[in-house]
$ cat model05.txt   # compact mmCIF, C-alpha atoms
# COMPACT_ATOMS: atom_id res chain seq x y z
CA MET Y 1229 0.00 0.00 0.00
CA GLY Y 1230 1.51 3.33 -1.07
CA PHE Y 1231 2.41 6.18 1.27
CA ASN Y 1232 -0.13 9.02 1.43
CA PRO Y 1233 0.91 12.48 2.79
CA LYS Y 1234 -2.62 12.87 4.15
CA ASP Y 1235 -1.79 10.21 6.75
CA LEU Y 1236 0.81 12.52 8.37
CA SER Y 1237 -0.02 14.81 11.23
CA ASP Y 1238 0.19 18.53 10.53
CA LYS Y 1239 3.50 18.86 12.36
CA ASP Y 1240 5.06 15.87 10.62
CA PHE Y 1241 3.74 17.04 7.29
CA ILE Y 1242 5.11 20.57 7.55
CA PHE Y 1243 8.60 19.39 8.50
CA ALA Y 1244 8.70 16.48 6.06
CA TYR Y 1245 7.73 18.58 3.05
CA ALA Y 1246 9.62 21.80 3.73
CA PRO Y 1247 12.05 21.24 0.78
CA GLU Y 1248 9.22 20.53 -1.66
CA TYR Y 1249 7.32 23.60 -0.41
CA LEU Y 1250 10.32 25.89 -0.96
CA ASP Y 1251 11.02 24.35 -4.40
CA ASP Y 1252 7.34 24.67 -5.41
CA GLU Y 1253 7.02 20.92 -6.00
CA LEU Y 1254 3.82 20.31 -4.00
CA SER Y 1255 0.46 19.75 -5.59
CA SER Y 1256 -2.07 22.57 -5.21
CA GLU Y 1257 -3.96 20.59 -2.56
CA GLU Y 1258 -0.80 19.88 -0.57
CA ARG Y 1259 0.39 23.48 -0.85
CA ASP Y 1260 -2.97 24.76 0.42
CA ARG Y 1261 -2.68 22.43 3.44
CA TYR Y 1262 0.89 23.63 4.07
CA ASP Y 1263 -0.17 27.29 3.98
CA GLU Y 1264 -3.07 26.59 6.37
CA ILE Y 1265 -0.74 24.95 8.88
CA LEU Y 1266 1.67 27.91 8.73
CA LYS Y 1267 -1.20 30.32 9.37
CA SER Y 1268 -2.67 28.29 12.22
CA ASP Y 1269 0.54 28.01 14.26
CA ALA Y 1270 2.48 31.24 14.88
CA THR Y 1271 5.58 29.29 15.97
CA LEU Y 1272 5.82 27.80 12.50
CA ALA Y 1273 5.22 30.98 10.50
CA ASN Y 1274 8.90 31.62 9.80
CA LEU Y 1275 9.75 27.94 9.25
CA PRO Y 1276 10.30 28.26 5.45
CA SER Y 1277 12.70 31.21 5.76
CA ARG Y 1278 14.61 29.57 8.62
CA TYR Y 1279 14.84 26.30 6.70
CA MET Y 1280 16.09 28.09 3.59
CA GLY Y 1281 18.82 29.87 5.53
CA VAL Y 1282 19.96 26.71 7.31
CA ARG Y 1283 19.96 24.75 4.04
CA GLY Y 1284 22.14 27.41 2.41
CA ARG Y 1285 24.68 27.36 5.24
CA PHE Y 1286 24.71 23.58 5.19
CA GLN Y 1287 25.45 23.52 1.46
CA LEU Y 1288 28.30 26.03 1.88
CA ALA Y 1289 29.77 24.04 4.74
CA LEU Y 1290 29.49 20.78 2.82
CA GLN Y 1291 31.44 22.25 -0.10
CA SER Y 1292 34.52 22.57 2.10
CA TYR Y 1293 34.66 18.81 2.48
CA TYR Y 1294 36.12 17.14 -0.59
CA LEU Y 1295 38.87 14.72 -1.53
CA ARG Y 1296 42.00 16.02 -3.18
CA GLU Y 1297 43.51 14.29 -6.21
CA ASN Y 1298 46.09 12.46 -4.11
CA ASP Y 1299 43.38 11.20 -1.75
CA LEU Y 1300 41.28 9.95 -4.69
CA MET Y 1301 44.25 8.15 -6.20
CA LYS Y 1302 45.07 6.57 -2.83
CA LEU Y 1303 41.51 5.31 -2.44
CA HIS Y 1304 41.52 4.10 -6.04
CA SER Y 1305 44.69 2.08 -5.38
CA PHE Y 1306 42.82 -0.02 -2.80
CA VAL Y 1307 40.54 -1.43 -5.49
CA GLU Y 1308 42.78 -1.30 -8.58
CA ASP Y 1309 46.48 -1.56 -9.24
CA PRO Y 1310 47.91 1.84 -10.34
CA ASP Y 1311 49.89 0.33 -13.22
CA LEU Y 1312 46.80 -1.49 -14.46
CA ARG Y 1313 44.80 1.75 -14.21
CA LYS Y 1314 47.43 3.60 -16.27
CA THR Y 1315 47.31 0.88 -18.89
CA GLU Y 1316 43.52 1.07 -19.05
CA GLU Y 1317 43.61 4.88 -19.24
CA ALA Y 1318 46.12 4.70 -22.09
CA ALA Y 1319 43.87 2.20 -23.87
CA ARG Y 1320 40.87 4.49 -23.38
CA ILE Y 1321 42.86 7.44 -24.74
CA ASP Y 1322 43.85 5.38 -27.79
CA ASP Y 1323 40.23 4.36 -28.26
CA VAL Y 1324 39.05 7.98 -28.09
CA GLU Y 1325 41.73 9.09 -30.54
CA ARG Y 1326 40.82 6.24 -32.91
CA LYS Y 1327 37.14 7.15 -32.73
CA GLU Y 1328 37.95 10.80 -33.38
CA MET Y 1329 40.12 9.82 -36.36
CA PHE Y 1330 37.41 7.62 -37.88
CA GLY Y 1331 34.79 10.24 -37.05
CA GLY Y 1332 36.81 12.85 -38.92
CA LEU Y 1333 37.28 10.44 -41.83
CA ARG Y 1334 33.53 9.77 -41.96
CA ARG Y 1335 32.82 13.49 -41.92
CA ARG Y 1336 35.25 14.05 -44.81
CA ILE Y 1337 33.72 11.19 -46.78
CA ALA Y 1338 30.22 12.56 -46.13
CA LEU Y 1339 31.37 16.00 -47.28
CA VAL Y 1340 32.81 14.53 -50.48
CA VAL Y 1341 29.58 12.59 -51.11
CA VAL Y 1342 27.52 15.75 -50.61
CA LEU Y 1343 29.77 17.73 -52.95
CA VAL Y 1344 29.57 15.01 -55.61
CA ALA Y 1345 25.79 14.91 -55.25
CA VAL Y 1346 25.58 18.70 -55.59
CA VAL Y 1347 27.83 18.70 -58.68
CA PHE Y 1348 25.83 15.86 -60.21
CA GLY Y 1349 22.55 17.64 -59.42
CA VAL Y 1350 23.76 20.88 -61.01
CA PHE Y 1351 25.04 18.97 -64.04
CA TYR Y 1352 21.73 17.09 -64.34
CA VAL Y 1353 19.68 20.28 -64.09
CA MET Y 1354 21.87 22.25 -66.50
CA THR Y 1355 22.26 19.50 -69.11
CA PRO Y 1356 19.67 19.84 -71.90
CA ARG Y 1357 17.29 16.92 -71.95
CA LYS Y 1358 17.52 14.68 -74.96
CA GLN Y 1359 14.20 14.93 -76.70
CA LYS Y 1360 12.25 11.71 -76.78
CA LYS Y 1361 11.78 10.39 -80.30
CA PHE Y 1362 8.24 10.54 -81.63
CA ASP Y 1363 7.42 7.05 -82.95
CA ALA Y 1364 4.57 8.11 -85.21
CA LEU Y 1365 3.77 4.64 -86.56
CA GLU Y 1366 3.40 3.10 -83.10
CA TYR Y 1367 1.65 6.06 -81.44
CA LEU Y 1368 -0.82 6.80 -84.22
CA GLY Y 1369 -1.60 3.15 -84.90
CA TYR Y 1370 -2.50 2.77 -81.24
CA GLU Y 1371 -4.45 6.06 -81.31
CA SER Y 1372 -6.58 4.84 -84.23
CA LEU Y 1373 -7.56 1.66 -82.39
CA ALA Y 1374 -8.28 3.64 -79.20
CA MET Y 1375 -10.54 6.10 -81.06
CA ASP Y 1376 -12.43 3.20 -82.61
CA GLU Y 1377 -13.15 2.04 -79.06
CA ASP Y 1378 -14.01 5.46 -77.60
CA ALA Y 1379 -14.48 8.09 -80.32
CA ASP Y 1380 -16.72 10.36 -78.23
CA GLY Y 1381 -14.14 10.67 -75.49
CA ARG Y 1382 -11.25 11.53 -77.82
CA LEU Y 1383 -12.73 13.95 -80.37
CA ASP Y 1384 -12.67 17.53 -79.07
CA LEU Y 1385 -14.81 18.72 -82.01
CA PRO Y 1386 -17.51 16.25 -83.08
CA THR Y 1387 -18.94 17.54 -86.37
CA ASN Y 1388 -19.78 16.48 -89.93
CA GLU Y 1389 -18.85 19.86 -91.41
CA ILE Y 1390 -15.50 20.19 -93.19
CA ASP Y 1391 -15.58 23.99 -92.81
CA GLU Y 1392 -15.90 23.72 -89.00
CA ILE Y 1393 -13.01 21.27 -88.86
CA THR Y 1394 -10.84 23.55 -91.05
CA GLN Y 1395 -11.60 26.56 -88.87
CA TYR Y 1396 -10.98 24.63 -85.63
CA LEU Y 1397 -7.61 23.20 -86.68
CA GLY Y 1398 -6.50 26.43 -88.36
CA ALA Y 1399 -7.09 28.40 -85.15
CA TYR Y 1400 -5.54 25.82 -82.80
CA PRO Y 1401 -2.73 27.48 -80.78
CA ALA Y 1402 0.92 26.39 -80.61
CA LEU Y 1403 0.99 24.25 -83.75
CA ASP Y 1404 4.25 24.57 -85.71
CA PHE Y 1405 2.53 23.64 -88.99
CA LYS Y 1406 -0.69 24.46 -90.82
CA PRO Y 1407 -2.91 21.36 -90.55
CA LEU Y 1408 -4.21 19.85 -93.78
CA VAL Y 1409 -7.94 19.17 -93.96
CA MET Y 1410 -8.76 17.08 -97.02
CA LYS Y 1411 -11.74 17.89 -99.18
CA PRO Y 1412 -14.34 15.09 -99.65
CA ILE Y 1413 -12.34 11.90 -100.07
CA GLY Y 1414 -14.90 9.70 -101.75
CA LYS Y 1415 -18.52 8.60 -101.98
CA GLY Y 1416 -20.00 7.56 -98.63
CA TRP Y 1417 -17.17 8.94 -96.53
CA ILE Y 1418 -18.17 11.71 -94.10
CA PRO Y 1419 -16.14 13.43 -91.39
CA GLU Y 1420 -17.09 12.72 -87.78
CA GLY Y 1421 -14.92 15.29 -86.04
CA ALA Y 1422 -11.41 16.41 -85.20
CA THR Y 1423 -8.96 16.90 -82.35
CA VAL Y 1424 -5.32 17.73 -81.64
CA ILE Y 1425 -3.24 15.21 -79.70
CA ASP Y 1426 -0.36 16.59 -77.64
CA TYR Y 1427 2.40 14.00 -77.23
CA GLU Y 1428 4.74 16.62 -75.69
CA VAL Y 1429 7.39 15.81 -78.31
CA SER Y 1430 4.90 16.45 -81.13
CA LYS Y 1431 1.38 17.76 -81.68
CA VAL Y 1432 -0.80 15.88 -84.14
CA ALA Y 1433 -3.98 17.09 -85.86
CA VAL Y 1434 -6.57 14.33 -86.46
CA VAL Y 1435 -9.68 14.15 -88.62
CA LYS Y 1436 -11.90 11.08 -88.33
CA TYR Y 1437 -14.01 9.77 -91.25
CA ARG Y 1438 -16.75 7.15 -91.25
CA HIS Y 1439 -18.44 5.14 -93.98
CA ASN Y 1440 -21.88 4.37 -92.54
CA GLU Y 1441 -22.87 1.81 -95.15
CA GLN Y 1442 -19.67 -0.17 -94.92
CA LYS Y 1443 -19.27 0.38 -91.16
CA ASP Y 1444 -15.67 1.47 -91.56
CA THR Y 1445 -13.47 4.28 -90.25
CA LEU Y 1446 -10.44 6.26 -91.44
CA TYR Y 1447 -8.10 8.59 -89.58
CA HIS Y 1448 -6.16 11.37 -91.25
CA TYR Y 1449 -3.20 12.58 -89.18
CA THR Y 1450 -1.11 15.69 -89.91
CA PHE Y 1451 2.05 16.58 -87.96
CA ALA Y 1452 5.49 18.12 -88.33
CA GLY Y 1453 7.92 15.63 -89.82
CA ALA Y 1454 9.61 14.19 -92.87
CA LEU Y 1455 9.10 10.98 -94.82
CA LYS Y 1456 12.81 10.19 -94.54
CA ASP Y 1457 12.47 9.91 -90.74
CA LEU Y 1458 10.19 6.87 -91.06
CA PRO Y 1459 11.46 3.30 -91.42
CA LYS Y 1460 12.49 2.35 -94.94
CA SER Y 1461 9.65 1.19 -97.16
CA ASP Y 1462 9.29 0.74 -100.92
CA PRO Y 1463 7.60 3.92 -102.15
CA GLY Y 1464 4.38 3.88 -104.14
CA ASN Y 1465 3.08 6.46 -106.57
CA TYR Y 1466 -0.62 6.94 -107.19
CA ARG Y 1467 -1.46 9.69 -109.66
CA GLY Y 1468 1.47 11.74 -108.46
CA LEU Y 1469 1.00 10.99 -104.73
CA VAL Y 1470 4.28 9.47 -103.53
CA PHE Y 1471 3.69 7.43 -100.38
CA GLN Y 1472 5.16 4.74 -98.18
CA THR Y 1473 3.11 1.83 -96.87
CA TYR Y 1474 3.14 0.23 -93.40
CA ALA Y 1475 0.92 -2.47 -91.93
CA SER Y 1476 0.08 -4.17 -88.63
CA ASP Y 1477 -2.24 -7.05 -87.78
CA GLN Y 1478 -5.25 -4.72 -87.73
CA LEU Y 1479 -4.40 -1.58 -89.69
CA ASN Y 1480 -2.77 -0.29 -92.86
CA ILE Y 1481 -1.00 3.07 -92.96
CA ILE Y 1482 0.11 5.17 -95.90
CA ALA Y 1483 2.42 8.12 -95.24
CA TRP Y 1484 3.18 11.00 -97.60
CA GLN Y 1485 4.97 14.33 -97.52
CA GLN Y 1486 2.21 16.86 -98.08
CA GLU Y 1487 4.69 19.74 -98.09
CA SER Y 1488 8.10 20.52 -96.64
CA GLY Y 1489 8.03 19.91 -92.88
CA MET Y 1490 4.49 18.44 -92.83
CA LEU Y 1491 3.81 14.71 -92.88
CA CYS Y 1492 0.42 13.00 -93.37
CA PHE Y 1493 -0.85 9.55 -92.40
CA LEU Y 1494 -4.06 7.92 -93.58
CA VAL Y 1495 -4.87 4.99 -91.33
CA GLY Y 1496 -7.58 2.38 -91.77
CA ARG Y 1497 -8.45 -1.19 -92.60
CA ARG Y 1498 -8.58 -0.60 -96.37
CA SER Y 1499 -5.79 -1.83 -98.62
CA ALA Y 1500 -2.86 0.46 -99.36
CA PRO Y 1501 -4.03 1.19 -102.95
CA GLU Y 1502 -7.51 2.10 -101.66
CA LEU Y 1503 -6.01 4.38 -99.01
CA ALA Y 1504 -3.80 6.00 -101.67
CA ASN Y 1505 -6.85 6.59 -103.88
CA LEU Y 1506 -8.77 8.25 -101.03
CA ALA Y 1507 -5.75 10.38 -100.07
CA ARG Y 1508 -5.21 11.47 -103.69
CA THR Y 1509 -8.92 12.34 -104.02
CA GLY Y 1510 -8.83 14.41 -100.81
CA THR Y 1511 -5.64 16.31 -101.66
CA SER Y 1512 -5.93 16.88 -105.43
CA ASN Y 1513 -6.36 20.47 -106.57
$ encode --input "model05.txt" --output "structure tokens"
Amino acid sequence: MGFNPKDLSDKDFIFAYAPEYLDDELSSEERDRYDEILKSDATLANLPSRYMGVRGRFQLALQSYYLRENDLMKLHSFVEDPDLRKTEEAARIDDVERKEMFGGLRRRIALVVVLVAVVFGVFYVMTPRKQKKFDALEYLGYESLAMDEDADGRLDLPTNEIDEITQYLGAYPALDFKPLVMKPIGKGWIPEGATVIDYEVSKVAVVKYRHNEQKDTLYHYTFAGALKDLPKSDPGNYRGLVFQTYASDQLNIIAWQQESGMLCFLVGRRSAPELANLARTGTSN
């Protein structure tokens, strides 16, 4: 069972807790009790000041009693051989010096690592980033399949009007080329809308066409580029339209240089000669 100050008589309590009272370490309840006792007994009123004075004199007197270095060494010799102590002290000094040496070495290594990291960081920030290559065949082949799956979510301008598409693409900001919008490409083919895809390394203008009777789609892409940048392919020539043909499991692509710096793709499931015929029809004067 723990000790409870409440079990003490007033006289025992006031003497037992004088240090805590002076050092303000009593709880509020205990301090209130202490003050009440001081007020109730005139003989105890000056107890705190008397105790403080006596404690101060005691501390001063106690400071005069201490062991000198020779006395400490003499006492130490009773429990440990002096030569052994010197050996241990020398070992401790060596250990401290070794720790300080390794600590200094670690600090120097850390400083070198930080400096190397800073230099590398500055070099990385200041070095121009190598521009990622725009793989038009892969990106635009995938884009065609994705638009077949979700045309409404990918066309920013859904419309059947060529004039609206021409105006929209012609006014699109930050394009480094003038997008080509083909005139009617053939019977049954109607535009469904247009958008501009931003691949960061290249912006691509897209016009989607649909043939309602044949349930087929075409995508006409225009972007900055050159035919020579594409993989080698035997060129075709349809009524003056020089093109290169590419194919995947699901799509055929013909690519042609519409003008200097502007490349066109026509992507669909039609054969390459059919795509060339539609492209020639849409771009002929």
$ closest_residue --input "model05.txt" --among "Y:Phe1306, Y:Trp1484, Y:Phe1405, Y:Phe1243" --to "Y:His1448" --atoms "only C-alpha atoms"
Y:Trp1484
$ closest_residue --input "model05.txt" --among "Y:Ile1418, Y:Ala1507, Y:Ile1482, Y:Leu1403" --to "Y:Gly1369" --atoms "only C-alpha atoms"
Y:Ile1482
$ residues_around --input "model05.txt" --residues "Y:Pro1419" --least-positions-apart "4" --cutoff "6 Å" --atoms "all atoms listed in the file" --output "list in words"
Asn1388, Lys1436 and Tyr1437 of chain Y
$ write_last_selection --input "model05.txt" --atoms "C-alpha atoms" --output "PDB file, in the coordinates of the input"
ATOM      1  CA  ASN Y1388     -19.780  16.480 -89.930  1.00  0.00           C
ATOM      2  CA  LYS Y1436     -11.900  11.080 -88.330  1.00  0.00           C
ATOM      3  CA  TYR Y1437     -14.010   9.770 -91.250  1.00  0.00           C
TER       4      TYR Y1437
END
$ closest_residue --input "model05.txt" --among "Y:Met1354, Y:Ala1422, Y:Ala1364, Y:Ala1399" --to "Y:Gly1381" --atoms "all atoms listed in the file"
Y:Ala1422
$ closest_residue --input "model05.txt" --among "Y:Asp1462, Y:Asn1505, Y:Gly1489, Y:Gly1496" --to "Y:His1439" --atoms "only C-alpha atoms"
Y:Gly1496
$ atom_distance --input "model05.txt" --atom1 "atom CA of Y:Pro1276" --atom2 "atom CA of Y:Ile1242"
9.5 Å
$ closest_residue --input "model05.txt" --among "Y:Leu1446, Y:Val1346, Y:Ala1289, Y:Val1307" --to "Y:Gly1414" --atoms "all atoms listed in the file"
Y:Leu1446
$ residues_around --input "model05.txt" --residues "Y:Glu1248" --least-positions-apart "6" --cutoff "10 Å" --atoms "all atoms listed in the file" --output "MDAnalysis selection string"
chainID Y and resid 1254:1255 1259
$ atom_distance --input "model05.txt" --atom1 "atom CA of Y:Glu1441" --atom2 "atom CA of Y:Gly1416"
7.3 Å
$ residues_around --input "model05.txt" --residues "Y:Leu1373" --least-positions-apart "5" --cutoff "12 Å" --atoms "all atoms listed in the file" --output "list of chain:residue names"
Y:Glu1366, Y:Tyr1367, Y:Leu1368, Y:Asp1378, Y:Ala1379, Y:Arg1382, Y:Lys1436, Y:Thr1445, Y:Leu1446, Y:Tyr1447, Y:Ser1476, Y:Asp1477, Y:Gln1478, Y:Leu1479, Y:Asn1480, Y:Val1495, Y:Gly1496, Y:Arg1497
$ residues_around --input "model05.txt" --residues "Y:Asp1238" --least-positions-apart "2" --cutoff "10 Å" --atoms "all atoms listed in the file" --output "number ranges by chain"
Y: 1233-1236, 1240-1244, 1261-1262, 1264-1266
$ atom_distance --input "model05.txt" --atom1 "atom CA of Y:Glu1389" --atom2 "atom CA of Y:Glu1502"
23.4 Å
$ closest_residue --input "model05.txt" --among "Y:Ser1461, Y:Thr1509, Y:Gln1485, Y:Ser1292" --to "Y:Lys1415" --atoms "all atoms listed in the file"
Y:Thr1509
$ residues_around --input "model05.txt" --residues "Y:Lys1431" --least-positions-apart "2" --cutoff "9 Å" --atoms "only C-alpha atoms" --output "PDB file with C-alpha atoms, in the frame of the given file"
ATOM      1  CA  ALA Y1402       0.920  26.390 -80.610  1.00  0.00           C
ATOM      2  CA  LEU Y1403       0.990  24.250 -83.750  1.00  0.00           C
ATOM      3  CA  ASP Y1404       4.250  24.570 -85.710  1.00  0.00           C
ATOM      4  CA  VAL Y1424      -5.320  17.730 -81.640  1.00  0.00           C
ATOM      5  CA  ILE Y1425      -3.240  15.210 -79.700  1.00  0.00           C
ATOM      6  CA  ASP Y1426      -0.360  16.590 -77.640  1.00  0.00           C
ATOM      7  CA  TYR Y1427       2.400  14.000 -77.230  1.00  0.00           C
ATOM      8  CA  GLU Y1428       4.740  16.620 -75.690  1.00  0.00           C
ATOM      9  CA  VAL Y1429       7.390  15.810 -78.310  1.00  0.00           C
ATOM     10  CA  ALA Y1433      -3.980  17.090 -85.860  1.00  0.00           C
ATOM     11  CA  THR Y1450      -1.110  15.690 -89.910  1.00  0.00           C
ATOM     12  CA  PHE Y1451       2.050  16.580 -87.960  1.00  0.00           C
ATOM     13  CA  ALA Y1452       5.490  18.120 -88.330  1.00  0.00           C
TER      14      ALA Y1452
END
$ decode --input "model05.txt" --residues "stretch 1394-1411 of chain Y" --atoms "N, CA and C atoms" --output "tab-separated table (two decimals), in the first residue's frame"
chain	number	residue	atom	x	y	z
Y	1394	THR	N	-11.92	22.70	-90.53
Y	1394	THR	CA	-10.84	23.55	-91.05
Y	1394	THR	C	-10.62	24.75	-90.15
Y	1395	GLN	N	-11.71	25.38	-89.73
Y	1395	GLN	CA	-11.60	26.56	-88.87
Y	1395	GLN	C	-11.01	26.18	-87.50
Y	1396	TYR	N	-11.45	25.07	-86.94
Y	1396	TYR	CA	-10.98	24.63	-85.63
Y	1396	TYR	C	-9.48	24.34	-85.65
Y	1397	LEU	N	-9.03	23.55	-86.62
Y	1397	LEU	CA	-7.61	23.20	-86.68
Y	1397	LEU	C	-6.74	24.39	-87.07
Y	1398	GLY	N	-7.27	25.26	-87.95
Y	1398	GLY	CA	-6.50	26.43	-88.36
Y	1398	GLY	C	-6.27	27.42	-87.23
Y	1399	ALA	N	-7.21	27.45	-86.26
Y	1399	ALA	CA	-7.09	28.40	-85.15
Y	1399	ALA	C	-6.46	27.78	-83.90
Y	1400	TYR	N	-6.08	26.48	-83.99
Y	1400	TYR	CA	-5.54	25.82	-82.80
Y	1400	TYR	C	-4.19	26.41	-82.44
Y	1401	PRO	N	-3.98	26.80	-81.17
Y	1401	PRO	CA	-2.73	27.48	-80.78
Y	1401	PRO	C	-1.54	26.51	-80.70
Y	1402	ALA	N	-0.36	27.08	-80.85
Y	1402	ALA	CA	0.92	26.39	-80.61
Y	1402	ALA	C	1.19	25.23	-81.55
Y	1403	LEU	N	0.63	25.25	-82.75
Y	1403	LEU	CA	0.99	24.25	-83.75
Y	1403	LEU	C	2.09	24.84	-84.64
Y	1404	ASP	N	3.16	24.06	-84.89
Y	1404	ASP	CA	4.25	24.57	-85.71
Y	1404	ASP	C	4.08	24.18	-87.18
Y	1405	PHE	N	2.85	23.92	-87.59
Y	1405	PHE	CA	2.53	23.64	-88.99
Y	1405	PHE	C	1.08	24.01	-89.22
Y	1406	LYS	N	0.69	24.16	-90.48
Y	1406	LYS	CA	-0.69	24.46	-90.82
Y	1406	LYS	C	-1.38	23.15	-91.17
Y	1407	PRO	N	-2.31	22.67	-90.33
Y	1407	PRO	CA	-2.91	21.36	-90.55
Y	1407	PRO	C	-3.63	21.28	-91.90
Y	1408	LEU	N	-3.50	20.11	-92.53
Y	1408	LEU	CA	-4.21	19.85	-93.78
Y	1408	LEU	C	-5.56	19.22	-93.48
Y	1409	VAL	N	-6.61	19.79	-94.02
Y	1409	VAL	CA	-7.94	19.17	-93.96
Y	1409	VAL	C	-8.32	18.81	-95.40
Y	1410	MET	N	-8.47	17.52	-95.65
Y	1410	MET	CA	-8.76	17.08	-97.02
Y	1410	MET	C	-10.20	17.44	-97.40
Y	1411	LYS	N	-10.38	17.70	-98.65
Y	1411	LYS	CA	-11.74	17.89	-99.18
Y	1411	LYS	C	-12.41	16.52	-99.25
